[in-house]
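Right, one structure below, let's go through it.
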Amino acid sequence: MVNNIYMPDKFVRKELDRLVNGLIMEKKSPGVAYSVFGPNGMLLSRGLGIADETDANLSVDSVFRIASMSKSFTAASILKLDSEGMLSIHDPVAKTIPEYKGAVQYGDDAMPVTIAMLLSMSSGMATDDPWADRQESISRERLRAIIDGGLRFVFRPGDGFEYSNAGFAILGEIVNRITGKPVMEYVKKNFLEPLGLEHTGYDYRKLGKNRATGFSWYRNGWKAEPFTQPGAFSSIGGVLSTVSDMAKWGIWLESAFSSENGECDSILPKRYRRMMQTGHVAIPPTIRSGSSRGRLCMTDSSAIASYGYGLFVEHDPVYGDICYHPGGYPGFGSVMCWHKDSGLGVIVLANGRYAPANVIGMRMLRVILADASAVGRTITPWKETLDAKSLILKALERLANSSEDDLESACKTVFSVLRPYYSENIEMDADLEYRADLLADALRQSGPVKIDGNGRVLVEKTSIQTEACVSWTVRCERLPLFCTVRMNPLAKPEIETIDFKVESKYPISDVLETSMTTQIAE
C-alpha cells in the first residue's frame, strides 16, 4: 500500500511528460491529455499538443472519444440489472433476445452463449475491431437484422478468450430490452449523474465546444475524422469524456477494494465492481510451438492477463494486479489503468487514430508505482497457519545439535510432536517414520540446522502464498532448507501438508535433490 498523501515530484512529472510527448513526437497523436489519481482524488493532470483543426492548445478539460473504455459502463449497467434482480448474467442471451442463435455452426454440441460470456469475451464470436468501429451509429433495426442473420464463431462458447465488440453491442441491446431505454440513457441516469461525471456522455453535440477533434495521419499530415452520432453500437465505444471525469470513474471502481463504506456503493454494490475487476477468462501468450487445438493467440507476451467484465486484469510480478482497458477508434486512442492495492491510476486520452495510449499509460503507471514504493496486496495468514509455522520451527530446534548417530531419531521426534495438529491425510499419505527418513536425508545434504544465541532456528526468508500456506528458509551449515506448511479449509484448520526440501546451487546431475512433499490425494 502507499501513503494516501502521495504526490508525484517534479522529476516524476518530467518523466510522465516525456513519455506522453513521445506520442506526439512520433506522430501517433497531435495531442494528449493525462491525469494521475489516487484513492482520494486526482493528483495531477496535463494537456499537451493540438486539440483541433484551428491548432488550439489541448487542455485537461478537452473532451475525447474514449473508445473501448466505454465497455466498462456497459458492463456496469448489466451488473446493476443483475443486482436488482432484473436479469441474471448466467442467463442465455436468447432468453432476452430470442433471435440470437448462438454458435449454430457447432450444432447441439455448443453450450448456449450466456450474458456472462459476452461480458468476459468468452462467447467465441470472432474479433471484429475495424468493422465494429464503423458501426456506432447504426439503428436498432440494423443491429437486430445482424443478430437475426447469425454471427460466426472461432471456437465453441466458453472455450477461451476472443475480443468481441459485437458481444458488447448485444449487451447494450439487452439493457434496452430489459429497461425499455437505450443504454446511453441508462448509463446517464444510473452512473454519470450520481457520480457527477458532468463532462461525460454519448452525444458529442451535447458536450459543449471544448472537444478534441480526432485525427488520422495520412501521408504528410493530420486529417480530421468526422464525429459519429450515438446508435446501436455506442455500447462498445461511444462514450466521450475528460481525464478528470475518467479519473473519478476509476477511483469509484477501485474503491470496491476498500474496507470502508462508500457513499456511492448504492449505485453498484462493491461485490459487483470487484467482479468487473476479477479475471474470468485467461488471455494466454503466443503459443509458438502450436497446440493440439491448432489455435495461436495474437498477443506475444509472457504477462499473466485475463478479462474481467468490461475490464482487463494483468498480474504484475512486482506490484500485483493492475486493472485497465485500452481504447482505439478512428481518430482516438485511450487507456485507463490502476493498481488494485494502492488505488494509484493513470488516464491517457489521445486524439490520434488508434494511438497506442495503452502502452504509454501502463509505463506511466509503473513509474508512479515505483516512485510511491507501492507493493502488491499484503496477505495476512490465518492465526492457525502462523501457529503451525511456529510449532515446526520449535520442533526443528531439536535438530540443531543432533549428531549423525541420532539424526533419524531426532527427525522422528519432530514429526511426533506435531502429530496432534495433523489432518487425517498426513499419515495416510506417508507414515511418520518414512517422513523422518526423508527429512534426515535432506539434512545430510544441508548440514545441521543453525540456531541463534537464544537457541532459535535462524529463518532467512518467509514467503506467504495464501492465508493458508506459508513457506520459509532455514539456515543450515551447507545448504538452505526450504520449508512449507499448508492448512486444510476446516473451521479449525489442521496441517494438511508439510514440505522440507534442499535445493542445491549445483546442477542436479552433480548433486541429487532430495525432496519430501505431501499432497492431498486427488
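All residue names refer to the C-alpha cells as shown: chains lettered A, B, ... in order, residues numbered from 1 in each chain, ligands numbered from 1 in order.
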Inset, instruction - Please provide as a list of chain:residue names all residues within 7 Å of A:Ser35, with the sequence filter that same-chain residues fewer than 4 positions apart are discarded (counting only C-alpha atoms). - result: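 What passes the distance filter is A:Leu44, A:Ser45, A:Arg46, A:Val243, A:Ser244, A:Val346, A:Ile347, A:Val348.
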Legend entry - Residues near A:Pro30, cut-off 8 Å, only C-alpha atoms, skip fewer than 6 positions along chain, as a PyMOL selection string: chain A and resi 24+49-51+215+222+350-352
Inset, instruction - Find the residues around stretch 70-77 of chain A up to 6 Å (only C-alpha atoms counted), leave out those fewer than 6 positions away in its own chain, and share them as a PyMOL selection string. - result: chain A and resi 235-237+239+309-310
Legend entry - Point-to-point distance in Å for atom CA of A:Leu118 and atom CA of A:Ile78: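 Those two atoms sit 10.7 Å apart.
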Inset, instruction - Using atom CA of A:Gly308 and atom CA of A:Asn176 as the two end points, give the distance in Å to one decimal. - result: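 These atoms are spaced 22.5 Å apart.
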Inset, instruction - Compile the contact shell of A:Ala169 as an MDAnalysis selection string: residues with an atom at most 12 Å away, counting only C-alpha atoms, same-chain residues fewer than 3 positions apart removed. - result: chainID A and resid 68 70:71 74:75 115 118:119 128 132:133 135:140 142:144 146:147 164:166 172:176 182:184 231:238
Inset, instruction - Would you please give, as a ChimeraX atom specification, all residues of stretch 10-206 of chain A that DSSP assigns to strand (DSSP E) based on the backbone? - result: /A:31-38,41-49,64-65
Write to file, as a short mmCIF file (atom, residue, chain, number, x, y, z; two decimals), in the first residue's frame, the residues of the selection just made, with N, CA and C atoms.
```cif
data_model
loop_
_atom_site.label_atom_id
_atom_site.label_comp_id
_atom_site.auth_asym_id
_atom_site.auth_seq_id
_atom_site.Cartn_x
_atom_site.Cartn_y
_atom_site.Cartn_z
N GLY A 31 -2.27 15.48 -30.08
CA GLY A 31 -2.44 15.97 -28.73
C GLY A 31 -2.76 14.85 -27.76
N VAL A 32 -2.42 15.08 -26.49
CA VAL A 32 -2.65 14.09 -25.44
C VAL A 32 -2.98 14.81 -24.14
N ALA A 33 -3.98 14.30 -23.44
CA ALA A 33 -4.26 14.75 -22.07
C ALA A 33 -4.11 13.56 -21.15
N TYR A 34 -3.61 13.80 -19.94
CA TYR A 34 -3.48 12.70 -19.00
C TYR A 34 -3.75 13.18 -17.58
N SER A 35 -4.12 12.25 -16.74
CA SER A 35 -4.29 12.53 -15.31
C SER A 35 -3.72 11.38 -14.51
N VAL A 36 -3.30 11.69 -13.30
CA VAL A 36 -2.84 10.70 -12.33
C VAL A 36 -3.74 10.82 -11.12
N PHE A 37 -4.25 9.72 -10.61
CA PHE A 37 -5.15 9.78 -9.46
C PHE A 37 -4.76 8.78 -8.39
N GLY A 38 -5.25 9.06 -7.19
CA GLY A 38 -5.09 8.16 -6.06
C GLY A 38 -6.45 7.88 -5.46
N GLY A 41 -8.55 11.10 -4.80
CA GLY A 41 -8.80 12.13 -5.80
C GLY A 41 -7.69 12.24 -6.83
N MET A 42 -7.86 13.18 -7.74
CA MET A 42 -6.88 13.38 -8.80
C MET A 42 -5.64 14.08 -8.24
N LEU A 43 -4.47 13.60 -8.62
CA LEU A 43 -3.21 14.13 -8.13
C LEU A 43 -2.61 15.16 -9.08
N LEU A 44 -2.76 14.96 -10.37
CA LEU A 44 -2.29 15.94 -11.34
C LEU A 44 -2.92 15.65 -12.68
N SER A 45 -2.93 16.65 -13.56
CA SER A 45 -3.44 16.47 -14.91
C SER A 45 -2.71 17.43 -15.83
N ARG A 46 -2.60 17.03 -17.10
CA ARG A 46 -1.86 17.82 -18.08
C ARG A 46 -2.50 17.67 -19.44
N GLY A 47 -2.42 18.74 -20.24
CA GLY A 47 -2.83 18.68 -21.62
C GLY A 47 -1.69 19.14 -22.50
N LEU A 48 -1.33 18.36 -23.52
CA LEU A 48 -0.19 18.68 -24.37
C LEU A 48 -0.60 18.56 -25.83
N GLY A 49 -0.11 19.45 -26.67
CA GLY A 49 -0.35 19.33 -28.09
C GLY A 49 -1.57 20.07 -28.59
N PHE A 64 -12.72 13.94 -25.14
CA PHE A 64 -12.24 12.96 -26.11
C PHE A 64 -13.23 11.81 -26.25
N ARG A 65 -13.21 11.17 -27.39
CA ARG A 65 -13.84 9.86 -27.50
C ARG A 65 -12.96 8.88 -26.74
#
```
Please run DSSP on the backbone and report, as an mmCIF file with N, CA, C and O atoms, in the first residue's frame, all residues within stretch 104-149 of chain A that come out as helix (DSSP H, G or I).
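Output below, filename states-v8.cif:
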```cif
data_model
loop_
_atom_site.group_PDB
_atom_site.id
_atom_site.type_symbol
_atom_site.label_atom_id
_atom_site.label_comp_id
_atom_site.auth_asym_id
_atom_site.auth_seq_id
_atom_site.Cartn_x
_atom_site.Cartn_y
_atom_site.Cartn_z
ATOM 1 N N VAL A 104 -24.362 -21.593 -33.921
ATOM 2 C CA VAL A 104 -25.142 -22.613 -34.625
ATOM 3 C C VAL A 104 -24.265 -23.566 -35.420
ATOM 4 O O VAL A 104 -24.641 -24.723 -35.649
ATOM 5 N N GLN A 105 -23.068 -23.104 -35.836
ATOM 6 C CA GLN A 105 -22.232 -23.985 -36.654
ATOM 7 C C GLN A 105 -21.687 -25.173 -35.865
ATOM 8 O O GLN A 105 -21.204 -26.137 -36.446
ATOM 9 N N TYR A 106 -21.770 -25.101 -34.533
ATOM 10 C CA TYR A 106 -21.292 -26.210 -33.716
ATOM 11 C C TYR A 106 -22.415 -27.180 -33.355
ATOM 12 O O TYR A 106 -22.193 -28.149 -32.629
ATOM 13 N N GLY A 107 -23.611 -26.901 -33.817
ATOM 14 C CA GLY A 107 -24.710 -27.815 -33.601
ATOM 15 C C GLY A 107 -25.090 -27.978 -32.141
ATOM 16 O O GLY A 107 -24.930 -27.072 -31.321
ATOM 17 N N ASP A 108 -25.585 -29.163 -31.816
ATOM 18 C CA ASP A 108 -26.070 -29.426 -30.460
ATOM 19 C C ASP A 108 -24.937 -29.508 -29.438
ATOM 20 O O ASP A 108 -25.185 -29.522 -28.239
ATOM 21 N N ASP A 109 -23.688 -29.574 -29.924
ATOM 22 C CA ASP A 109 -22.555 -29.723 -29.006
ATOM 23 C C ASP A 109 -22.195 -28.418 -28.305
ATOM 24 O O ASP A 109 -21.493 -28.416 -27.314
ATOM 25 N N ILE A 115 -25.006 -14.303 -20.922
ATOM 26 C CA ILE A 115 -24.651 -12.891 -20.769
ATOM 27 C C ILE A 115 -23.252 -12.772 -20.198
ATOM 28 O O ILE A 115 -22.464 -11.913 -20.610
ATOM 29 N N ALA A 116 -22.910 -13.639 -19.253
ATOM 30 C CA ALA A 116 -21.570 -13.609 -18.649
ATOM 31 C C ALA A 116 -20.485 -13.859 -19.685
ATOM 32 O O ALA A 116 -19.396 -13.288 -19.600
ATOM 33 N N MET A 117 -20.760 -14.715 -20.666
ATOM 34 C CA MET A 117 -19.777 -14.961 -21.722
ATOM 35 C C MET A 117 -19.534 -13.709 -22.549
ATOM 36 O O MET A 117 -18.400 -13.424 -22.944
ATOM 37 N N LEU A 118 -20.601 -12.963 -22.827
ATOM 38 C CA LEU A 118 -20.420 -11.705 -23.550
ATOM 39 C C LEU A 118 -19.605 -10.722 -22.718
ATOM 40 O O LEU A 118 -18.711 -10.042 -23.229
ATOM 41 N N LEU A 119 -19.889 -10.643 -21.421
ATOM 42 C CA LEU A 119 -19.167 -9.729 -20.529
ATOM 43 C C LEU A 119 -17.684 -10.057 -20.458
ATOM 44 O O LEU A 119 -16.847 -9.158 -20.349
ATOM 45 N N ASP A 129 -12.686 -5.662 -34.627
ATOM 46 C CA ASP A 129 -12.403 -4.257 -34.328
ATOM 47 C C ASP A 129 -12.620 -3.281 -35.493
ATOM 48 O O ASP A 129 -13.393 -2.329 -35.350
ATOM 49 N N PRO A 130 -11.954 -3.428 -36.634
ATOM 50 C CA PRO A 130 -12.107 -2.401 -37.683
ATOM 51 C C PRO A 130 -13.543 -2.257 -38.169
ATOM 52 O O PRO A 130 -14.031 -1.140 -38.388
ATOM 53 N N TRP A 131 -14.225 -3.388 -38.330
ATOM 54 C CA TRP A 131 -15.624 -3.339 -38.773
ATOM 55 C C TRP A 131 -16.499 -2.688 -37.719
ATOM 56 O O TRP A 131 -17.283 -1.779 -38.006
ATOM 57 N N ALA A 132 -16.366 -3.144 -36.472
ATOM 58 C CA ALA A 132 -17.252 -2.662 -35.412
ATOM 59 C C ALA A 132 -17.060 -1.180 -35.146
ATOM 60 O O ALA A 132 -18.020 -0.464 -34.824
ATOM 61 N N ARG A 140 -31.194 0.390 -34.215
ATOM 62 C CA ARG A 140 -31.518 -0.864 -33.531
ATOM 63 C C ARG A 140 -32.052 -1.886 -34.526
ATOM 64 O O ARG A 140 -31.799 -3.082 -34.386
ATOM 65 N N GLU A 141 -32.772 -1.417 -35.524
ATOM 66 C CA GLU A 141 -33.306 -2.332 -36.522
ATOM 67 C C GLU A 141 -32.172 -3.025 -37.273
ATOM 68 O O GLU A 141 -32.248 -4.229 -37.538
ATOM 69 N N ARG A 142 -31.134 -2.260 -37.605
ATOM 70 C CA ARG A 142 -29.990 -2.858 -38.290
ATOM 71 C C ARG A 142 -29.271 -3.850 -37.382
ATOM 72 O O ARG A 142 -28.869 -4.927 -37.815
ATOM 73 N N LEU A 143 -29.121 -3.518 -36.078
ATOM 74 C CA LEU A 143 -28.495 -4.447 -35.144
ATOM 75 C C LEU A 143 -29.312 -5.726 -35.028
ATOM 76 O O LEU A 143 -28.765 -6.837 -35.037
ATOM 77 N N ARG A 144 -30.644 -5.588 -34.945
ATOM 78 C CA ARG A 144 -31.491 -6.776 -34.862
ATOM 79 C C ARG A 144 -31.338 -7.645 -36.112
ATOM 80 O O ARG A 144 -31.336 -8.876 -36.031
ATOM 81 N N ALA A 145 -31.207 -7.002 -37.275
ATOM 82 C CA ALA A 145 -31.022 -7.760 -38.519
ATOM 83 C C ALA A 145 -29.698 -8.511 -38.500
ATOM 84 O O ALA A 145 -29.613 -9.658 -38.967
ATOM 85 N N ILE A 146 -28.647 -7.875 -37.940
ATOM 86 C CA ILE A 146 -27.341 -8.536 -37.826
ATOM 87 C C ILE A 146 -27.445 -9.752 -36.918
ATOM 88 O O ILE A 146 -26.955 -10.840 -37.231
ATOM 89 N N ILE A 147 -28.113 -9.576 -35.778
ATOM 90 C CA ILE A 147 -28.272 -10.687 -34.825
ATOM 91 C C ILE A 147 -29.098 -11.807 -35.450
ATOM 92 O O ILE A 147 -28.749 -12.988 -35.355
ATOM 93 N N ASP A 148 -30.178 -11.429 -36.097
ATOM 94 C CA ASP A 148 -31.078 -12.416 -36.694
ATOM 95 C C ASP A 148 -30.398 -13.171 -37.839
ATOM 96 O O ASP A 148 -30.675 -14.353 -38.069
ATOM 97 N N GLY A 149 -29.486 -12.509 -38.521
ATOM 98 C CA GLY A 149 -28.784 -13.154 -39.623
ATOM 99 C C GLY A 149 -27.731 -14.145 -39.167
ATOM 100 O O GLY A 149 -27.233 -14.937 -39.974
#
```
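Going from atom CA of A:Leu81 over to atom CA of A:Leu151, you cover 25.5 Å.
Each of A:Ser446, A:Thr278, A:Ser423, A:Thr242 was checked against A:Met336 using only C-alpha atoms; the smallest atom-to-atom distance is that of A:Thr242.
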Test item: residues at most 7 Å from A:Ile464, only C-alpha atoms, excluding those fewer than 6 positions along its chain, as a PDB file with N, CA, C and O atoms, in the first residue's frame:
```pdb
ATOM      1  N   ILE A 379      -0.861 -10.071   2.364  1.00  0.00           N
ATOM      2  CA  ILE A 379      -1.659 -11.217   2.804  1.00  0.00           C
ATOM      3  C   ILE A 379      -1.373 -11.490   4.277  1.00  0.00           C
ATOM      4  O   ILE A 379      -0.213 -11.613   4.676  1.00  0.00           O
ATOM      5  N   VAL A 470       2.267 -21.017   3.999  1.00  0.00           N
ATOM      6  CA  VAL A 470       3.455 -20.199   4.238  1.00  0.00           C
ATOM      7  C   VAL A 470       4.703 -21.044   3.992  1.00  0.00           C
ATOM      8  O   VAL A 470       4.743 -22.219   4.354  1.00  0.00           O
ATOM      9  N   SER A 471       5.701 -20.421   3.342  1.00  0.00           N
ATOM     10  CA  SER A 471       6.989 -21.072   3.137  1.00  0.00           C
ATOM     11  C   SER A 471       8.081 -20.219   3.769  1.00  0.00           C
ATOM     12  O   SER A 471       7.950 -19.000   3.878  1.00  0.00           O
TER      13      SER A 471
END
```
Legend entry - All residues 10 Å or closer to A:Pro226, only C-alpha atoms, same chain fewer than 4 positions away omitted, as a PyMOL selection string: chain A and resi 213-215+330-331
Inset, instruction - Excluding A:Val154 and any residue of its chain fewer than 3 positions from it, enumerate the residues within 10 Å of it, using only C-alpha atoms, and give them as a PyMOL selection string. - result: chain A and resi 103+105+123-127+157+159-160+162+295
Inset, instruction - Have a look at A:Ala305, A:Glu198, A:Val93, A:Glu260 and name the one nearest to A:Phe161; count only C-alpha atoms. - result: A:Ala305
Inset, instruction - Check the smallest atom-to-atom distance from each of A:Ser29, A:Asn21, A:Ser402, A:Ser122 to A:Phe332 using only C-alpha atoms, then report the winner. - result: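 Ranked by minimum distance to A:Phe332, first place goes to A:Ser29.
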Interface rows for stretch 419-441 of chain A against stretch 472-488 of chain A: nearest pair, Å to one decimal, 10 Å, only C-alpha atoms, as a Markdown table:
```
| residue | atom | partner | partner_atom | distance |
| --- | --- | --- | --- | --- |
| A:Tyr421 | CA | A:Met487 | CA | 9.9 |
| A:Tyr422 | CA | A:Met487 | CA | 9.1 |
| A:Ser423 | CA | A:Asn488 | CA | 7.5 |
| A:Leu439 | CA | A:Leu481 | CA | 9.9 |
```
Serialized selection, C-alpha atoms, as a tab-separated table (two decimals), in the first residue's frame:
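Saved result, again_0.tsv, follows:
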```
chain	number	residue	atom	x	y	z
A	421	TYR	CA	-2.08	-30.86	14.69
A	422	TYR	CA	-2.18	-33.09	11.59
A	423	SER	CA	-5.19	-33.63	9.38
A	439	LEU	CA	13.96	-35.28	6.41
```
